[in-house]
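Student: This is the content of run-v1.cif (mmCIF, C-alpha atoms and all ligand atoms):
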data_target
#
loop_
_atom_site.label_atom_id
_atom_site.label_comp_id
_atom_site.auth_asym_id
_atom_site.auth_seq_id
_atom_site.Cartn_x
_atom_site.Cartn_y
_atom_site.Cartn_z
CA MET F 2 144.11 52.19 104.86
CA ASP F 3 144.58 49.38 102.36
CA LEU F 4 144.76 50.68 98.80
CA GLY F 5 145.30 47.26 97.25
CA LEU F 6 142.65 44.98 95.77
CA ASP F 7 141.21 42.11 97.78
CA ALA F 8 141.06 38.60 96.27
CA ARG F 9 137.63 39.07 94.65
CA GLN F 10 138.55 42.44 93.18
CA GLU F 11 141.87 41.08 91.95
CA GLU F 12 140.10 38.14 90.30
CA THR F 13 137.89 40.56 88.34
CA ARG F 14 140.88 42.72 87.37
CA ALA F 15 142.83 39.67 86.21
CA ILE F 16 139.95 38.46 84.00
CA ALA F 17 139.76 41.93 82.45
CA ALA F 18 143.53 42.00 81.90
CA GLU F 19 143.38 38.60 80.21
CA LEU F 20 140.56 39.61 77.86
CA ALA F 21 142.24 42.97 77.20
CA ALA F 22 145.42 41.21 76.08
CA ASP F 23 143.79 38.35 74.16
CA LEU F 24 140.85 40.08 72.47
CA LEU F 25 140.77 43.86 72.75
CA ALA F 26 144.40 44.87 72.18
CA PRO F 27 144.94 42.85 68.97
CA ALA F 28 141.78 44.37 67.40
CA ALA F 29 142.08 47.97 68.65
CA ALA F 30 143.95 49.41 65.66
CA ARG F 31 141.61 47.64 63.22
CA PHE F 32 138.48 49.05 64.90
CA ASP F 33 140.13 52.46 65.01
CA ARG F 34 140.79 52.31 61.27
CA ASP F 35 137.64 50.55 60.02
CA GLY F 36 135.04 51.24 62.72
CA GLY F 37 132.36 48.63 63.34
CA ALA F 38 130.71 47.22 66.41
CA PRO F 39 132.77 44.97 68.73
CA THR F 40 129.74 42.84 69.54
CA ASP F 41 131.67 39.56 69.83
CA HIS F 42 134.16 41.14 72.20
CA LEU F 43 131.41 42.65 74.34
CA LYS F 44 129.63 39.29 74.50
CA ALA F 45 132.92 37.67 75.53
CA LEU F 46 133.22 40.22 78.34
CA GLY F 47 129.66 39.38 79.36
CA ALA F 48 130.35 35.64 79.33
CA ARG F 49 133.16 36.26 81.86
CA GLY F 50 130.94 38.37 84.14
CA LEU F 51 132.18 41.82 83.12
CA LEU F 52 128.82 43.28 82.00
CA GLY F 53 127.32 43.09 85.48
CA ILE F 54 130.30 43.53 87.75
CA ASN F 55 128.29 45.33 90.45
CA VAL F 56 125.09 43.36 89.87
CA ASP F 57 123.93 40.82 92.44
CA PRO F 58 124.65 37.15 91.55
CA ARG F 59 120.91 36.54 92.07
CA TRP F 60 120.43 38.35 88.77
CA GLY F 61 123.43 36.76 87.10
CA GLY F 62 125.92 39.49 88.01
CA ARG F 63 129.43 39.10 89.34
CA GLY F 64 128.62 40.98 92.57
CA ALA F 65 132.23 42.10 92.87
CA GLY F 66 131.58 45.78 93.61
CA VAL F 67 132.72 49.11 92.27
CA VAL F 68 136.43 48.95 93.15
CA ALA F 69 136.59 45.70 91.15
CA TYR F 70 134.68 47.45 88.36
CA VAL F 71 137.13 50.37 88.07
CA ALA F 72 140.08 47.97 88.18
CA ALA F 73 138.55 46.05 85.26
CA VAL F 74 137.70 49.20 83.30
CA ARG F 75 141.27 50.47 83.68
CA GLU F 76 142.68 47.25 82.21
CA LEU F 77 140.23 47.14 79.30
CA ALA F 78 140.56 50.83 78.42
CA ALA F 79 144.33 50.55 78.19
CA ALA F 80 143.72 48.07 75.37
CA CYS F 81 140.69 49.54 73.57
CA ALA F 82 138.87 52.57 74.98
CA GLY F 83 136.02 52.31 72.47
CA THR F 84 135.04 48.74 73.31
CA THR F 85 135.35 49.67 76.97
CA VAL F 86 132.78 52.47 76.83
CA GLY F 87 130.22 49.98 75.49
CA MET F 88 131.02 47.76 78.47
CA MET F 89 130.80 50.71 80.89
CA VAL F 90 127.41 51.96 79.71
CA THR F 91 126.07 48.40 79.85
CA ASN F 92 127.21 48.07 83.47
CA MET F 93 125.62 51.46 84.24
CA VAL F 94 122.26 50.46 82.76
CA ALA F 95 122.36 47.05 84.45
CA GLU F 96 122.89 48.74 87.81
CA ALA F 97 120.01 51.16 87.14
CA ILE F 98 117.70 48.24 86.34
CA GLN F 99 118.84 46.42 89.47
CA ARG F 100 118.30 49.50 91.66
CA PHE F 101 115.15 51.04 90.22
CA GLY F 102 113.48 48.15 88.40
CA ASP F 103 110.90 45.66 89.63
CA ASP F 104 111.55 41.92 89.70
CA ALA F 105 109.87 41.37 86.33
CA GLN F 106 112.22 43.94 84.72
CA ARG F 107 115.26 42.51 86.51
CA ASP F 108 114.34 39.05 85.34
CA ARG F 109 113.69 40.11 81.75
CA TYR F 110 116.73 42.33 81.25
CA LEU F 111 119.49 41.58 83.74
CA ARG F 112 119.96 37.92 82.85
CA PRO F 113 120.63 38.41 79.11
CA ILE F 114 122.86 41.41 79.87
CA THR F 115 124.95 39.74 82.56
CA ALA F 116 125.27 36.46 80.64
CA GLY F 117 126.59 38.24 77.54
CA GLU F 118 123.62 37.06 75.44
CA TRP F 119 123.24 40.70 74.42
CA PRO F 120 126.40 42.63 73.59
CA ALA F 121 125.22 45.79 75.30
CA ALA F 122 122.55 47.87 76.96
CA ALA F 123 122.21 51.56 76.05
CA PHE F 124 121.57 54.77 77.97
CA SER F 125 119.73 57.58 76.26
CA LEU F 126 119.50 61.00 77.93
CA SER F 127 120.99 63.61 75.54
CA GLU F 128 119.08 65.06 72.60
CA PRO F 129 120.09 67.18 69.63
CA GLY F 130 118.90 70.25 71.58
CA SER F 131 119.82 69.23 75.14
CA GLY F 132 123.16 67.94 76.36
CA SER F 133 124.58 69.62 79.44
CA ASP F 134 121.16 70.98 80.46
CA ALA F 135 119.75 67.49 80.57
CA ALA F 136 116.49 68.48 82.31
CA SER F 137 115.43 70.50 79.25
CA LEU F 138 114.94 67.34 77.16
CA ARG F 139 111.96 67.42 74.78
CA THR F 140 111.20 63.79 73.94
CA THR F 141 107.71 63.07 75.24
CA ALA F 142 106.05 59.99 76.67
CA THR F 143 102.28 60.42 76.60
CA ARG F 144 100.15 58.05 78.62
CA ASP F 145 97.55 56.16 76.56
CA GLY F 146 95.73 53.53 78.63
CA ASP F 147 98.19 50.85 79.65
CA HIS F 148 100.82 52.22 77.24
CA TYR F 149 102.98 55.30 76.76
CA VAL F 150 103.60 56.80 73.32
CA LEU F 151 107.16 58.07 72.80
CA ASP F 152 107.95 60.88 70.34
CA GLY F 153 111.27 62.65 69.86
CA THR F 154 114.93 62.22 68.99
CA LYS F 155 117.76 61.15 71.30
CA ALA F 156 121.42 61.78 70.48
CA TRP F 157 124.89 60.37 71.17
CA VAL F 158 123.66 56.95 72.23
CA THR F 159 126.52 54.53 72.86
CA SER F 160 125.91 51.06 71.34
CA GLY F 161 122.88 52.35 69.44
CA GLY F 162 121.89 49.73 66.88
CA PHE F 163 123.00 46.61 68.73
CA ALA F 164 121.92 47.07 72.35
CA GLY F 165 119.42 44.55 73.71
CA VAL F 166 117.61 47.23 75.71
CA TYR F 167 117.61 51.05 75.78
CA LEU F 168 117.10 53.11 78.93
CA VAL F 169 115.29 56.14 77.50
CA THR F 170 114.34 59.32 79.38
CA ALA F 171 111.25 61.20 78.23
CA ARG F 172 108.96 63.93 79.50
CA THR F 173 105.72 62.65 81.01
CA ASP F 174 104.70 66.02 82.49
CA PRO F 175 105.27 69.09 80.29
CA GLU F 176 104.45 71.40 83.23
CA GLN F 177 107.47 70.32 85.24
CA ARG F 178 111.20 70.38 84.57
CA SER F 179 113.31 67.59 86.07
CA ARG F 180 110.34 66.17 88.01
CA GLY F 181 108.41 65.81 84.75
CA ILE F 182 110.88 63.26 83.35
CA SER F 183 110.43 59.47 83.49
CA ALA F 184 112.62 56.57 82.40
CA PHE F 185 111.62 53.67 80.12
CA LEU F 186 113.17 50.40 79.04
CA VAL F 187 112.64 50.17 75.30
CA GLU F 188 113.36 47.07 73.27
CA PRO F 189 114.79 47.14 69.74
CA GLY F 190 112.24 46.30 67.07
CA THR F 191 109.42 48.16 68.84
CA PRO F 192 107.35 49.79 66.05
CA GLY F 193 108.04 53.53 65.85
CA PHE F 194 111.60 53.16 67.17
CA GLU F 195 114.42 53.63 64.64
CA VAL F 196 118.19 53.86 65.07
CA ALA F 197 120.00 56.25 62.72
CA ARG F 198 123.45 55.49 61.29
CA PRO F 199 126.47 55.93 63.60
CA GLU F 200 128.08 59.37 63.97
CA GLU F 201 131.57 59.97 62.57
CA LYS F 202 133.77 60.76 65.54
CA LEU F 203 137.29 61.88 66.43
CA GLY F 204 138.08 58.74 68.42
CA GLN F 205 136.71 55.64 70.14
CA HIS F 206 135.80 54.18 66.76
CA ALA F 207 135.06 50.79 68.34
CA SER F 208 132.02 52.41 69.91
CA PRO F 209 129.18 53.15 67.48
CA THR F 210 127.23 56.22 68.66
CA CYS F 211 123.80 56.87 67.14
CA GLN F 212 120.68 58.96 67.19
CA LEU F 213 117.42 57.26 68.14
CA VAL F 214 114.15 58.39 66.58
CA PHE F 215 110.81 57.73 68.30
CA ASP F 216 107.74 58.36 66.20
CA GLY F 217 104.52 57.27 67.86
CA CYS F 218 106.41 54.44 69.57
CA ARG F 219 104.04 52.58 71.91
CA VAL F 220 105.63 50.91 74.91
CA PRO F 221 103.77 49.09 77.70
CA ALA F 222 103.35 51.08 80.92
CA ALA F 223 105.17 48.18 82.60
CA SER F 224 108.32 49.23 80.76
CA ARG F 225 108.57 52.41 82.84
CA LEU F 226 111.61 52.18 85.14
CA GLY F 227 110.68 53.46 88.60
CA PRO F 228 107.75 55.79 89.33
CA GLU F 229 106.61 58.51 86.95
CA GLY F 230 108.66 61.69 87.43
CA VAL F 231 111.85 60.12 88.83
CA GLY F 232 113.56 59.54 85.49
CA PHE F 233 115.91 62.52 85.96
CA LYS F 234 117.04 61.24 89.36
CA ILE F 235 117.56 57.77 87.89
CA ALA F 236 119.70 59.30 85.13
CA MET F 237 121.70 61.57 87.47
CA SER F 238 122.41 58.91 90.08
CA SER F 239 123.37 56.45 87.32
CA LEU F 240 125.78 59.05 85.97
CA ASP F 241 127.43 59.44 89.39
CA GLY F 242 128.55 55.82 89.09
CA GLY F 243 129.18 56.27 85.36
CA ARG F 244 131.59 59.13 86.07
CA VAL F 245 133.67 56.90 88.32
CA GLY F 246 133.89 54.47 85.40
CA VAL F 247 134.93 57.25 83.01
CA SER F 248 137.71 58.17 85.46
CA ALA F 249 139.02 54.60 85.31
CA GLN F 250 138.69 54.55 81.53
CA ALA F 251 140.76 57.74 81.26
CA ILE F 252 143.36 56.31 83.67
CA GLY F 253 143.58 53.21 81.48
CA ILE F 254 144.19 55.30 78.36
CA ALA F 255 146.78 57.41 80.21
CA THR F 256 148.52 54.30 81.54
CA ALA F 257 148.82 52.87 78.02
CA ALA F 258 150.13 56.14 76.56
CA ALA F 259 152.67 56.61 79.36
CA ALA F 260 153.87 53.01 78.96
CA CYS F 261 154.49 53.62 75.23
CA ALA F 262 156.47 56.75 76.06
CA ALA F 263 158.47 55.00 78.78
CA ARG F 264 159.39 52.14 76.44
CA HIS F 265 160.50 54.61 73.79
CA LEU F 266 162.58 56.62 76.25
CA ALA F 267 164.22 53.53 77.73
CA ASP F 268 165.07 52.36 74.23
CA GLN F 269 166.55 55.72 73.25
CA MET F 270 168.60 55.94 76.44
CA GLN F 271 170.22 52.63 75.49
CA HIS F 272 171.22 53.76 72.01
CA ILE F 273 171.64 57.52 71.97
CA GLU F 274 173.87 59.67 74.15
CA ALA F 275 171.42 62.50 74.45
CA ASP F 276 170.19 64.77 77.19
CA ASN F 277 166.86 63.19 78.17
CA ALA F 278 166.28 65.28 81.28
CA ASP F 279 163.23 67.10 79.88
CA ARG F 280 161.63 63.92 78.69
CA GLN F 281 162.34 62.17 81.98
CA ARG F 282 160.60 65.05 83.77
CA GLU F 283 157.60 64.61 81.46
CA LEU F 284 157.55 60.90 82.27
CA ALA F 285 157.75 61.57 86.02
CA ASP F 286 154.81 63.98 85.78
CA CYS F 287 152.80 61.31 83.95
CA ALA F 288 153.52 58.75 86.70
CA ILE F 289 152.60 61.16 89.52
CA GLU F 290 149.37 62.29 87.91
CA ILE F 291 148.21 58.79 86.98
CA ASP F 292 148.63 57.70 90.61
CA ALA F 293 146.86 60.83 91.88
CA GLY F 294 143.95 60.12 89.53
CA TRP F 295 143.77 56.49 90.61
CA LEU F 296 143.49 57.57 94.26
CA LEU F 297 140.57 59.90 93.47
CA CYS F 298 138.94 57.14 91.45
CA LEU F 299 139.39 54.56 94.21
CA ARG F 300 137.94 56.95 96.79
CA ALA F 301 134.80 57.49 94.73
CA ALA F 302 134.51 53.75 94.00
CA ALA F 303 134.94 52.85 97.68
CA LEU F 304 132.23 55.37 98.67
CA LYS F 305 129.85 53.77 96.20
CA ASP F 306 130.73 50.31 97.50
CA ALA F 307 129.95 51.56 101.02
CA GLY F 308 126.57 52.93 99.87
CA LYS F 309 127.64 56.48 100.75
CA PRO F 310 126.97 59.70 98.77
CA LEU F 311 129.50 60.23 96.00
CA ILE F 312 128.16 63.08 93.85
CA ARG F 313 131.08 65.43 94.68
CA GLU F 314 133.78 62.75 94.72
CA ALA F 315 132.61 61.19 91.43
CA ALA F 316 132.60 64.59 89.72
CA MET F 317 136.05 65.46 91.12
CA SER F 318 137.45 62.13 90.00
CA LYS F 319 135.95 62.42 86.50
CA LEU F 320 137.17 65.97 86.03
CA PHE F 321 140.69 65.35 87.29
CA CYS F 322 141.25 61.97 85.64
CA THR F 323 140.02 62.93 82.19
CA ASP F 324 141.92 66.25 82.09
CA MET F 325 144.96 64.43 83.48
CA ALA F 326 144.75 61.66 80.89
CA HIS F 327 144.63 64.25 78.11
CA ARG F 328 147.78 65.90 79.55
CA VAL F 329 149.48 62.50 79.82
CA CYS F 330 148.73 61.67 76.18
CA GLU F 331 150.12 65.07 75.12
CA ARG F 332 153.27 64.43 77.16
CA ALA F 333 153.63 60.94 75.71
CA LEU F 334 153.44 62.51 72.27
CA ARG F 335 156.21 64.97 73.14
CA ILE F 336 158.40 62.17 74.55
CA LEU F 337 157.96 60.18 71.35
CA GLY F 338 158.81 63.15 69.16
CA PRO F 339 157.81 62.88 65.48
CA ASP F 340 156.93 59.16 65.90
CA GLY F 341 154.10 60.18 68.22
CA ILE F 342 151.81 61.60 65.58
CA SER F 343 152.34 58.68 63.22
CA GLY F 344 149.28 56.49 62.84
CA ALA F 345 151.64 53.53 63.28
CA HIS F 346 151.96 54.47 66.94
CA PRO F 347 149.10 53.83 69.41
CA VAL F 348 149.68 57.14 71.22
CA GLU F 349 148.06 58.98 68.33
CA ARG F 350 144.94 56.81 68.86
CA HIS F 351 145.07 57.25 72.64
CA LEU F 352 145.12 61.04 72.21
CA ARG F 353 142.04 60.94 69.95
CA ASP F 354 140.29 58.40 72.20
CA VAL F 355 140.86 60.38 75.39
CA ARG F 356 139.33 63.67 74.19
CA VAL F 357 135.70 62.60 74.49
CA THR F 358 136.16 61.44 78.08
CA ARG F 359 136.25 65.16 78.96
CA ILE F 360 132.86 65.56 77.28
CA TYR F 361 130.65 62.53 77.81
CA GLU F 362 128.83 61.57 81.02
CA GLY F 363 128.81 65.30 81.79
CA THR F 364 131.35 67.73 80.37
CA ASN F 365 134.12 68.81 82.68
CA GLU F 366 132.46 72.24 82.85
CA VAL F 367 129.36 70.47 84.21
CA GLN F 368 131.54 68.61 86.74
CA ARG F 369 132.75 72.00 88.06
CA ILE F 370 129.11 73.12 88.49
CA VAL F 371 128.31 69.89 90.36
CA ILE F 372 131.39 70.18 92.61
CA ALA F 373 130.78 73.86 93.43
CA ARG F 374 127.12 73.16 94.30
CA GLU F 375 128.13 70.30 96.60
CA VAL F 376 130.80 72.44 98.31
CA LEU F 377 128.25 75.21 98.91
CA ARG F 378 125.63 72.71 100.14
CA ALA F 379 128.12 71.21 102.60
CA MET F 380 129.00 74.71 103.85
CA ALA F 381 125.31 75.59 104.29
CA ARG F 382 124.77 72.37 106.28
CA GLN F 383 127.61 73.28 108.61
CA ALA F 384 126.41 76.87 109.13
N1 LIG G 401 121.60 61.96 92.14
C1 LIG G 401 120.28 61.97 92.46
N2 LIG G 401 119.48 63.04 92.24
C2 LIG G 401 120.05 64.12 91.70
C3 LIG G 401 121.39 64.18 91.34
C4 LIG G 401 122.18 63.03 91.58
N3 LIG G 401 123.47 63.01 91.27
N4 LIG G 401 121.65 65.39 90.80
C5 LIG G 401 120.50 66.08 90.84
N5 LIG G 401 119.54 65.30 91.38
C6 LIG G 401 118.16 65.69 91.64
C7 LIG G 401 118.11 66.91 92.56
O1 LIG G 401 118.17 66.54 93.92
C8 LIG G 401 116.80 67.55 92.19
O2 LIG G 401 115.78 66.84 92.86
P1 LIG G 401 114.48 67.63 93.48
O3 LIG G 401 113.71 68.12 92.31
O4 LIG G 401 113.76 66.58 94.26
O5 LIG G 401 115.03 68.72 94.34
C9 LIG G 401 116.66 67.24 90.71
O6 LIG G 401 117.51 66.11 90.44
C10 LIG G 401 117.11 68.39 89.84
O7 LIG G 401 118.44 68.68 90.20
P2 LIG G 401 119.14 70.04 89.76
O8 LIG G 401 118.25 71.19 90.11
O9 LIG G 401 120.52 70.01 90.29
O10 LIG G 401 119.12 69.88 88.16
P3 LIG G 401 119.77 70.77 87.10
O11 LIG G 401 118.86 70.86 85.95
O12 LIG G 401 120.22 72.07 87.69
O13 LIG G 401 121.04 69.83 86.70
C11 LIG G 401 123.26 69.44 85.86
C12 LIG G 401 122.18 70.42 86.32
C13 LIG G 401 123.99 68.92 87.07
C14 LIG G 401 124.19 70.26 85.01
C15 LIG G 401 122.69 68.21 85.07
O14 LIG G 401 121.85 68.67 84.04
C16 LIG G 401 123.80 67.37 84.48
O15 LIG G 401 124.43 66.57 85.16
N6 LIG G 401 124.06 67.53 83.16
C17 LIG G 401 124.99 66.68 82.44
C18 LIG G 401 124.26 65.59 81.74
C19 LIG G 401 125.15 64.42 81.42
O16 LIG G 401 125.99 64.03 82.22
N7 LIG G 401 124.92 63.81 80.27
C20 LIG G 401 125.64 62.64 79.90
C21 LIG G 401 124.93 61.94 78.82
S1 LIG G 401 125.09 60.20 78.91
C22 LIG G 401 126.59 59.83 78.26
O17 LIG G 401 127.39 60.64 77.96
C23 LIG G 401 126.82 58.36 78.20
C24 LIG G 401 127.67 57.90 77.10
O18 LIG G 401 127.20 57.63 76.03
C25 LIG G 401 129.09 57.64 77.33
#
Translate this file's structure into structure tokens.
Ligand code: CAA
Tutor:
Amino acid sequence: MDLGLDARQEETRAIAAELAADLLAPAAARFDRDGGAPTDHLKALGARGLLGINVDPRWGGRGAGVVAYVAAVRELAAACAGTTVGMMVTNMVAEAIQRFGDDAQRDRYLRPITAGEWPAAAFSLSEPGSGSDAASLRTTATRDGDHYVLDGTKAWVTSGGFAGVYLVTARTDPEQRSRGISAFLVEPGTPGFEVARPEEKLGQHASPTCQLVFDGCRVPAASRLGPEGVGFKIAMSSLDGGRVGVSAQAIGIATAAAACAARHLADQMQHIEADNADRQRELADCAIEIDAGWLLCLRAAALKDAGKPLIREAAMSKLFCTDMAHRVCERALRILGPDGISGAHPVERHLRDVRVTRIYEGTNEVQRIVIAREVLRAMARQA
């Protein structure tokens, strides 16, 4: 089994590493302090093919696959996790349009996304009253001739306010639960569609997160993504891939935090005659766990590349990697001692940035539900 990257995957990783070093890393502390939208950086990622890494070149994508994608995400997230989540959600939406859209939708949306003409695409599933129980969403899409009328409020939308297109889930059949949900591609500027101001968050300040308000918003029926009633499946299967990306993002953050701690420890060992055994053990545990997470992430990515089911493996990878990355950041903080909590040190930012990876794209409690269901289903199939 070859766990390395092939030439195409390595090319994608190297481009991400270059942009991470040249653009994202120098601006990360500023975005963390001042907030704002990294639209120029996201467009630069798009111009180098990183907003459609797993999108077919026919539609302007890089066509490099999911292993290449996670390798790129890991590099970018080590530099600026907030900018990276905008990139990740854009890739997720681009893939959903490629998979579930018709040619007119692919033509209209994939080209500007993959060329970096738009800084981002957005994904909108959660609502103020429905997060983990996503199928209970209450936004409605009511058919009116050759249009639908959208009414409701969506919450926690990454890149809200500057995305070129929003994938929005809404209820088209109030009598049904998940099968009553459809997906729509909504363009900014559509009358009746407003974006509220960004939320104030613990971390990932380079990623504006907003509420969307739909009030009698008329969208053409042709903007529906896939058939009526399959919006929940579109969202869930998109999130399977999204969770592999979140794993890589968390690994990137952990890698950066552990590298800070290792540099500090190496420096101290040169200058101070102290017993560093405890801190060396902490560092060793970081290294082991980061590698273990990367293996889970690569397995899920390789399954997706092979077109095989990955629900269980994506959830396992997301759960392990994000919990692991939080532990690694805590350990890095302990290795650094009092310096660790100083805002002058990036580990303090990494610790704040990593927390939400355990929450978004399905909380880690939800991942346990998904994994347990898949284990039981597999057992029932064998019986
Ligand atoms: N792929 C395809 N279809 C799927 C699926 C998947 N991964 N998971 C479920 N489905 C299908 C089922 O097969 C079922 O289909 P049928 O009706 O044909 O049988 C249907 O969807 C309903 O499935 P469930 O009965 O399992 O649905 P549920 O209501 O019990 O779901 C849940 C439970 C797994 C907890 C789900 O609600 C869930 O994943 N919640 C978390 C939501 C989430 O991840 N939100 C993230 C928001 S986006 C975000 O965070 C992005 C960001 O900004 C960074």
Student: Determine, counting only C-alpha atoms, which protein, DNA and RNA residues have an atom within 8 Å of an atom of Ser224 of chain F; residues of the same chain fewer than 3 positions away are not included. Present the result as a list of chain:residue names.
Tutor: F:Gln106, F:Phe185, F:Leu186, F:Val187, F:Val220, F:Pro221
Student: Write out as a VMD selection string each polymer residue whose atoms come within 8 Å of His206 of chain F, counting only C-alpha atoms; drop sequence neighbours fewer than 2 positions from it.
Tutor: chain F and resid 32 to 37 83 202 to 204 208 to 209
Student: Please identify all protein, DNA and RNA residues within 9 Å of ligand LIG 401 (chain G), counting all atoms listed in the file, and report them as a PyMOL selection string.
Tutor: chain F and resi 86-87+89-90+123-127+131-137+157-160+178-180+210+231+233-241+243-244+247+310-313+357-358+360-364+366-368+370-371+374
Student: Between atom CA of Leu111 of chain F and atom CA of Glu96 of chain F, what is the distance in Å, rounded to a tenth?
Tutor: 8.9 Å
Student: Please list as a list in words every residue within 12 Å of Ala45 of chain F, counting all atoms listed in the file and excluding residues in the same chain fewer than 4 positions away.
Tutor: Ile16, Ala17, Glu19, Leu20, Ala21, Asp23, Leu24, Leu25, Pro39, Thr40, Asp41, Arg49, Gly50, Leu51, Leu52, Thr84, Met88, Ile114, Thr115, Ala116, Gly117, Glu118, Trp119, Pro120 and Ala121 of chain F
Student: From the list F:Ala293, F:Val67, F:Leu168, F:Met380, which residue is nearest Gly308 of chain F when using all atoms listed in the file?
Tutor: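 The answer is F:Val67, which sits nearest to Gly308 of chain F.
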Student: I'd like the contact shell of segment 189-195 of chain F - 9 Å cut-off, only C-alpha atoms, skipping same-chain residues fewer than 6 positions apart - returned as number ranges by chain.
Tutor: F: 151-152, 162-167, 212-220
Student: Okay, now the selection with C-alpha atoms, as a PDB file, in the frame of the given file?
Tutor:
ATOM      1  CA  LEU F 151     107.160  58.070  72.800  1.00  0.00           C
ATOM      2  CA  ASP F 152     107.950  60.880  70.340  1.00  0.00           C
ATOM      3  CA  GLY F 162     121.890  49.730  66.880  1.00  0.00           C
ATOM      4  CA  PHE F 163     123.000  46.610  68.730  1.00  0.00           C
ATOM      5  CA  ALA F 164     121.920  47.070  72.350  1.00  0.00           C
ATOM      6  CA  GLY F 165     119.420  44.550  73.710  1.00  0.00           C
ATOM      7  CA  VAL F 166     117.610  47.230  75.710  1.00  0.00           C
ATOM      8  CA  TYR F 167     117.610  51.050  75.780  1.00  0.00           C
ATOM      9  CA  GLN F 212     120.680  58.960  67.190  1.00  0.00           C
ATOM     10  CA  LEU F 213     117.420  57.260  68.140  1.00  0.00           C
ATOM     11  CA  VAL F 214     114.150  58.390  66.580  1.00  0.00           C
ATOM     12  CA  PHE F 215     110.810  57.730  68.300  1.00  0.00           C
ATOM     13  CA  ASP F 216     107.740  58.360  66.200  1.00  0.00           C
ATOM     14  CA  GLY F 217     104.520  57.270  67.860  1.00  0.00           C
ATOM     15  CA  CYS F 218     106.410  54.440  69.570  1.00  0.00           C
ATOM     16  CA  ARG F 219     104.040  52.580  71.910  1.00  0.00           C
ATOM     17  CA  VAL F 220     105.630  50.910  74.910  1.00  0.00           C
TER      18      VAL F 220
END
Student: Atom CA of Arg369 of chain F and atom CA of Gly181 of chain F, how far apart in Å?
Tutor: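 It comes out at 25.3 Å.
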Student: Just the residues within 8 Å of Ala263 of chain F, please, counting all atoms listed in the file, with nothing from its chain fewer than 4 positions along; format it as a PyMOL selection string.
Tutor: chain F and resi 259+267+284
Student: Please, what distance in Å, to one decimal, runs between atom CA of Cys322 of chain F and atom CA of Ala249 of chain F?
Tutor: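 Answer for the atom CA of Cys322 of chain F to atom CA of Ala249 of chain F separation: 7.7 Å.
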Student: Given only C-alpha atoms as the basis, pick out the residue of F:Ala326, F:Ala257, F:Val376, F:Ala15 nearest to Ala73 of chain F.
Tutor: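 Among F:Ala326, F:Ala257, F:Val376, F:Ala15, it is F:Ala15 that comes nearest to Ala73 of chain F.
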Student: Which polymer residues, protein or nucleic acid, are no farther than 10 Å from (134.9, 58.1, 95.5), counting only C-alpha atoms, as a PDB file with C-alpha atoms, in the coordinates of the input?
Tutor:
ATOM      1  CA  VAL F  67     132.720  49.110  92.270  1.00  0.00           C
ATOM      2  CA  VAL F  68     136.430  48.950  93.150  1.00  0.00           C
ATOM      3  CA  ASP F 241     127.430  59.440  89.390  1.00  0.00           C
ATOM      4  CA  GLY F 242     128.550  55.820  89.090  1.00  0.00           C
ATOM      5  CA  VAL F 245     133.670  56.900  88.320  1.00  0.00           C
ATOM      6  CA  LEU F 296     143.490  57.570  94.260  1.00  0.00           C
ATOM      7  CA  LEU F 297     140.570  59.900  93.470  1.00  0.00           C
ATOM      8  CA  CYS F 298     138.940  57.140  91.450  1.00  0.00           C
ATOM      9  CA  LEU F 299     139.390  54.560  94.210  1.00  0.00           C
ATOM     10  CA  ARG F 300     137.940  56.950  96.790  1.00  0.00           C
ATOM     11  CA  ALA F 301     134.800  57.490  94.730  1.00  0.00           C
ATOM     12  CA  ALA F 302     134.510  53.750  94.000  1.00  0.00           C
ATOM     13  CA  ALA F 303     134.940  52.850  97.680  1.00  0.00           C
ATOM     14  CA  LEU F 304     132.230  55.370  98.670  1.00  0.00           C
ATOM     15  CA  LYS F 305     129.850  53.770  96.200  1.00  0.00           C
ATOM     16  CA  ASP F 306     130.730  50.310  97.500  1.00  0.00           C
ATOM     17  CA  ALA F 307     129.950  51.560 101.020  1.00  0.00           C
ATOM     18  CA  LYS F 309     127.640  56.480 100.750  1.00  0.00           C
ATOM     19  CA  PRO F 310     126.970  59.700  98.770  1.00  0.00           C
ATOM     20  CA  LEU F 311     129.500  60.230  96.000  1.00  0.00           C
ATOM     21  CA  ILE F 312     128.160  63.080  93.850  1.00  0.00           C
ATOM     22  CA  ARG F 313     131.080  65.430  94.680  1.00  0.00           C
ATOM     23  CA  GLU F 314     133.780  62.750  94.720  1.00  0.00           C
ATOM     24  CA  ALA F 315     132.610  61.190  91.430  1.00  0.00           C
ATOM     25  CA  ALA F 316     132.600  64.590  89.720  1.00  0.00           C
ATOM     26  CA  MET F 317     136.050  65.460  91.120  1.00  0.00           C
ATOM     27  CA  SER F 318     137.450  62.130  90.000  1.00  0.00           C
TER      28      SER F 318
END
Student: Find the residue from F:Arg332, F:Arg100, F:Arg75, F:Arg282 that sits nearest to Gln250 of chain F; use all atoms listed in the file when measuring.
Tutor: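 Counting all atoms listed in the file, the residue closest to Gln250 of chain F is F:Arg75.
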Student: Which one is closest to Pro347 of chain F: F:Val169, F:Ala262, F:Asp292, F:Ser248? Count all atoms listed in the file.
Tutor: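 Using all atoms listed in the file, Pro347 of chain F sits closest to F:Ala262.
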Student: Check the smallest atom-to-atom distance from each of F:Ala288, F:Leu337, F:Glu200, F:Ala30 to Arg264 of chain F using all atoms listed in the file, then report the winner.
Tutor: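 Answer, going by the shortest atom-to-atom distance: F:Leu337.
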Student: Padding 8 Å on every side, please: axis-aligned box over the listed atoms of segment 334-343 of chain F, centre and edge lengths to one decimal in Å, as lines of an AutoDock Vina configuration file.
Tutor:
center_x = 155.3
center_y = 61.8
center_z = 68.9
size_x = 23.0
size_y = 22.3
size_z = 27.3
